[in-house]
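A.B. asks: Contents of structure_1.csv (CSV, C-alpha atoms):
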```csv
chain,number,residue,atom,x,y,z
I,2,MET,CA,19.7,-3.2,-17.9
I,3,LYS,CA,17.6,-3.8,-14.8
I,4,GLN,CA,16.5,-0.7,-12.9
I,5,LEU,CA,17.0,-0.7,-9.2
I,6,PRO,CA,14.1,0.4,-6.9
I,7,ALA,CA,14.0,4.1,-5.9
I,8,ARG,CA,15.8,4.8,-2.7
I,9,PRO,CA,13.6,5.9,0.3
I,10,ASP,CA,13.8,9.5,1.5
I,11,ALA,CA,16.1,9.4,4.6
I,12,GLU,CA,14.8,12.7,6.0
I,13,ARG,CA,11.2,11.7,5.8
I,14,TRP,CA,12.0,8.3,7.2
I,15,ALA,CA,13.8,9.8,10.2
I,16,MET,CA,10.6,11.8,11.0
I,17,MET,CA,8.4,8.7,11.0
I,18,SER,CA,7.5,6.9,14.2
I,19,PHE,CA,9.4,3.8,15.1
I,20,ASN,CA,6.2,1.7,14.7
I,21,GLY,CA,5.7,3.3,11.3
I,22,GLN,CA,9.2,2.4,10.2
I,23,MET,CA,8.9,-1.2,11.4
I,24,ALA,CA,5.4,-1.5,9.7
I,25,ASN,CA,6.9,-0.4,6.4
I,26,ILE,CA,9.8,-2.8,6.7
I,27,GLY,CA,7.2,-5.5,7.3
I,28,SER,CA,5.3,-4.5,4.1
I,29,GLU,CA,8.4,-5.1,2.0
I,30,VAL,CA,9.1,-8.4,3.8
I,31,GLY,CA,5.6,-9.5,3.0
I,32,ARG,CA,6.0,-8.5,-0.6
I,33,THR,CA,9.3,-10.4,-0.8
I,34,ALA,CA,7.6,-13.5,0.5
I,35,LYS,CA,4.6,-13.1,-1.8
I,36,TRP,CA,6.7,-12.7,-5.0
I,37,ILE,CA,8.9,-15.7,-4.0
I,38,SER,CA,5.9,-17.9,-3.5
I,39,LYS,CA,4.6,-16.8,-6.9
I,40,GLY,CA,7.9,-17.5,-8.6
I,41,LYS,CA,8.4,-13.8,-9.6
I,42,SER,CA,12.1,-13.6,-8.7
I,43,GLU,CA,12.6,-10.1,-10.2
I,44,LEU,CA,9.8,-8.6,-8.2
I,45,ALA,CA,11.0,-10.5,-5.1
I,46,GLU,CA,14.5,-9.1,-5.6
I,47,GLY,CA,13.1,-5.5,-5.8
I,48,ALA,CA,11.1,-5.9,-2.6
I,49,PHE,CA,14.1,-7.5,-0.9
I,50,ILE,CA,16.3,-4.5,-1.9
I,51,ARG,CA,13.7,-2.1,-0.7
I,52,ALA,CA,13.4,-4.0,2.6
I,53,LEU,CA,17.1,-3.9,3.2
I,54,ASP,CA,17.1,-0.1,2.5
I,55,LEU,CA,14.4,0.4,5.1
I,56,TYR,CA,16.2,-1.8,7.6
I,57,ASP,CA,19.3,0.3,7.1
I,58,LEU,CA,17.5,3.6,7.5
I,59,THR,CA,15.8,2.3,10.7
I,60,ILE,CA,19.2,1.2,12.0
I,61,GLN,CA,20.5,4.6,11.2
I,62,HIS,CA,17.6,6.7,12.5
I,63,GLY,CA,15.2,4.6,14.6
I,64,ARG,CA,14.7,5.7,18.2
I,65,LYS,CA,17.6,8.1,17.9
I,66,GLY,CA,18.1,9.8,21.3
I,67,GLN,CA,15.5,7.6,22.9
I,68,LYS,CA,15.7,5.0,25.7
I,69,GLY,CA,15.9,1.4,24.3
I,70,ARG,CA,17.8,2.3,21.1
I,71,PHE,CA,20.7,-0.1,21.6
I,72,PRO,CA,18.6,-3.2,22.3
I,73,MET,CA,16.5,-2.2,19.3
I,74,LEU,CA,19.6,-2.0,17.1
I,75,ARG,CA,20.7,-5.4,18.2
I,76,GLU,CA,17.3,-7.0,17.5
I,77,LEU,CA,16.9,-5.3,14.2
I,78,CYS,CA,20.4,-6.2,13.0
I,79,LEU,CA,19.7,-9.9,13.9
I,80,ASN,CA,16.3,-9.7,12.2
I,81,ARG,CA,17.9,-8.2,9.1
I,82,CYS,CA,20.4,-11.1,8.9
I,83,GLU,CA,17.6,-13.6,9.3
I,84,PHE,CA,15.6,-11.9,6.6
I,85,ALA,CA,18.6,-11.9,4.2
I,86,GLU,CA,19.3,-15.6,4.9
I,87,ALA,CA,15.6,-16.6,4.4
I,88,TYR,CA,15.5,-14.7,1.1
I,89,LEU,CA,18.8,-16.2,-0.2
I,90,ASN,CA,17.5,-19.7,0.8
I,91,LYS,CA,14.0,-19.0,-0.6
I,92,ASP,CA,12.7,-20.1,2.8
I,93,SER,CA,9.1,-19.1,2.8
I,94,THR,CA,8.4,-20.5,6.3
I,95,SER,CA,11.1,-18.2,7.8
I,96,LEU,CA,9.9,-15.2,5.7
I,97,ALA,CA,6.3,-15.8,7.0
I,98,GLY,CA,7.6,-15.8,10.6
I,99,ILE,CA,9.5,-12.5,10.0
I,100,GLU,CA,6.5,-10.9,8.4
I,101,LYS,CA,4.4,-12.0,11.5
I,102,TYR,CA,7.0,-10.3,13.7
I,103,PHE,CA,6.5,-7.0,11.9
I,104,SER,CA,2.6,-7.3,11.9
I,105,HIS,CA,2.6,-6.3,15.6
I,106,PHE,CA,4.2,-3.0,14.7
I,107,ALA,CA,1.7,-2.5,11.9
I,108,ILE,CA,-1.1,-2.9,14.4
I,109,ALA,CA,0.6,-0.5,16.8
I,110,TYR,CA,1.1,2.0,14.0
I,111,ALA,CA,-2.6,1.8,13.0
I,112,LYS,CA,-3.6,2.5,16.6
I,113,GLU,CA,-1.3,5.5,16.7
I,114,HIS,CA,-3.3,7.0,13.8
I,115,LEU,CA,-6.6,6.1,15.3
I,116,ASN,CA,-5.7,8.0,18.5
I,117,ALA,CA,-4.3,11.0,16.7
```
Once you've parsed the file, please lay out its structure as structure tokens.
C.D. replies:
Amino acid sequence: MKQLPARPDAERWAMMSFNGQMANIGSEVGRTAKWISKGKSELAEGAFIRALDLYDLTIQHGRKGQKGRFPMLRELCLNRCEFAEAYLNKDSTSLAGIEKYFSHFAIAYAKEHLNA
């Protein structure tokens, strides 16, 4: 029987900055794309499931109580749908574009830690 990836800790996730949340989603999107390109469908599926979990936690907790939450939710939900479609179609071009979108958050997150 195939083992599902461990579920992320929702409390810890809620305490993370929005840029940190988005950077982590981007890491799983990148892993998904990498494993698809290498023909490792089981590993790609695990990264895909983890990415969906992180999308869902960010939709639930991201920017809660902050200005800009509702536009963020709309954009993130659309992005999640695009990611799922790209995964199901094994569309590496779209997955690369989605990963690039998240790279901006990874840079912002790294800058947060440099300035801390």
A.B. asks: Using all atoms listed in the file, which residues sit within 8 Å of stretch 100-110 of chain I once same-chain residues fewer than 3 positions away are excluded, as number ranges by chain?
C.D. replies: I: 20-21, 23-28, 30-31, 96-97, 113-114
A.B. asks: Pick from I:Leu79, I:Ile99, I:Ala15, I:Met73: nearest to I:Ala34, with only C-alpha atoms counted?
C.D. replies: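 Among I:Leu79, I:Ile99, I:Ala15, I:Met73, it is I:Ile99 that comes nearest to I:Ala34.
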A.B. asks: Can you work out the spacing between atom CA of I:Leu77 and atom CA of I:Gly47 in Å, to one decimal?
C.D. replies: 20.4 Å
A.B. asks: Name the residues in contact with I:Glu29 at a cut-off of 7 Å, using all atoms listed in the file, excluding same-chain residues fewer than 4 positions from it; report them as a list in words.
C.D. replies: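 Once the nearby chain positions are removed, what remains is Asn25, Thr33, Ala48, Phe49, Arg51 and Ala52 of chain I.
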A.B. asks: So the first atom is atom CA of I:Glu43 and the second is atom CA of I:Leu55; what is the distance between them in Å, to one decimal place?
C.D. replies: 18.6 Å
A.B. asks: Of the candidates I:Ala7, I:Lys112, I:Phe19, I:Ile37, which one gets nearest to I:Thr94 if we count all atoms listed in the file?
C.D. replies: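 Using all atoms listed in the file, I:Thr94 sits closest to I:Ile37.
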A.B. asks: Smallest atom-to-atom distance to I:Cys78: which of I:Leu115, I:Ile60, I:Met16, I:Ile50, using all atoms listed in the file?
C.D. replies: I:Ile60
A.B. asks: Which distance in Å separates atom CA of I:Tyr56 and atom CA of I:Asn80, to one decimal?
C.D. replies: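 Result for atom CA of I:Tyr56 versus atom CA of I:Asn80: 9.1 Å, one decimal.
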A.B. asks: Let me make sure I understand: among I:Trp36, I:Asp54, I:Ala111, I:Glu46, which one has the smallest atom-to-atom distance to I:Arg81 if we use only C-alpha atoms?
C.D. replies: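 Of the candidates, the smallest distance to I:Arg81 is held by I:Asp54.
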A.B. asks: Looking at all atoms listed in the file, which of I:Arg64, I:Arg75, I:Arg70, I:Arg32 is the one that sits closest to I:Trp14?
C.D. replies: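 Distance minimum relative to I:Trp14 lands on I:Arg64.
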A.B. asks: With distances taken over only C-alpha atoms, which residue among I:Thr59, I:Leu53, I:Lys39, I:Glu76 lies nearest I:Ser18?
C.D. replies: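 So, comparing all the options, the nearest one is I:Thr59.
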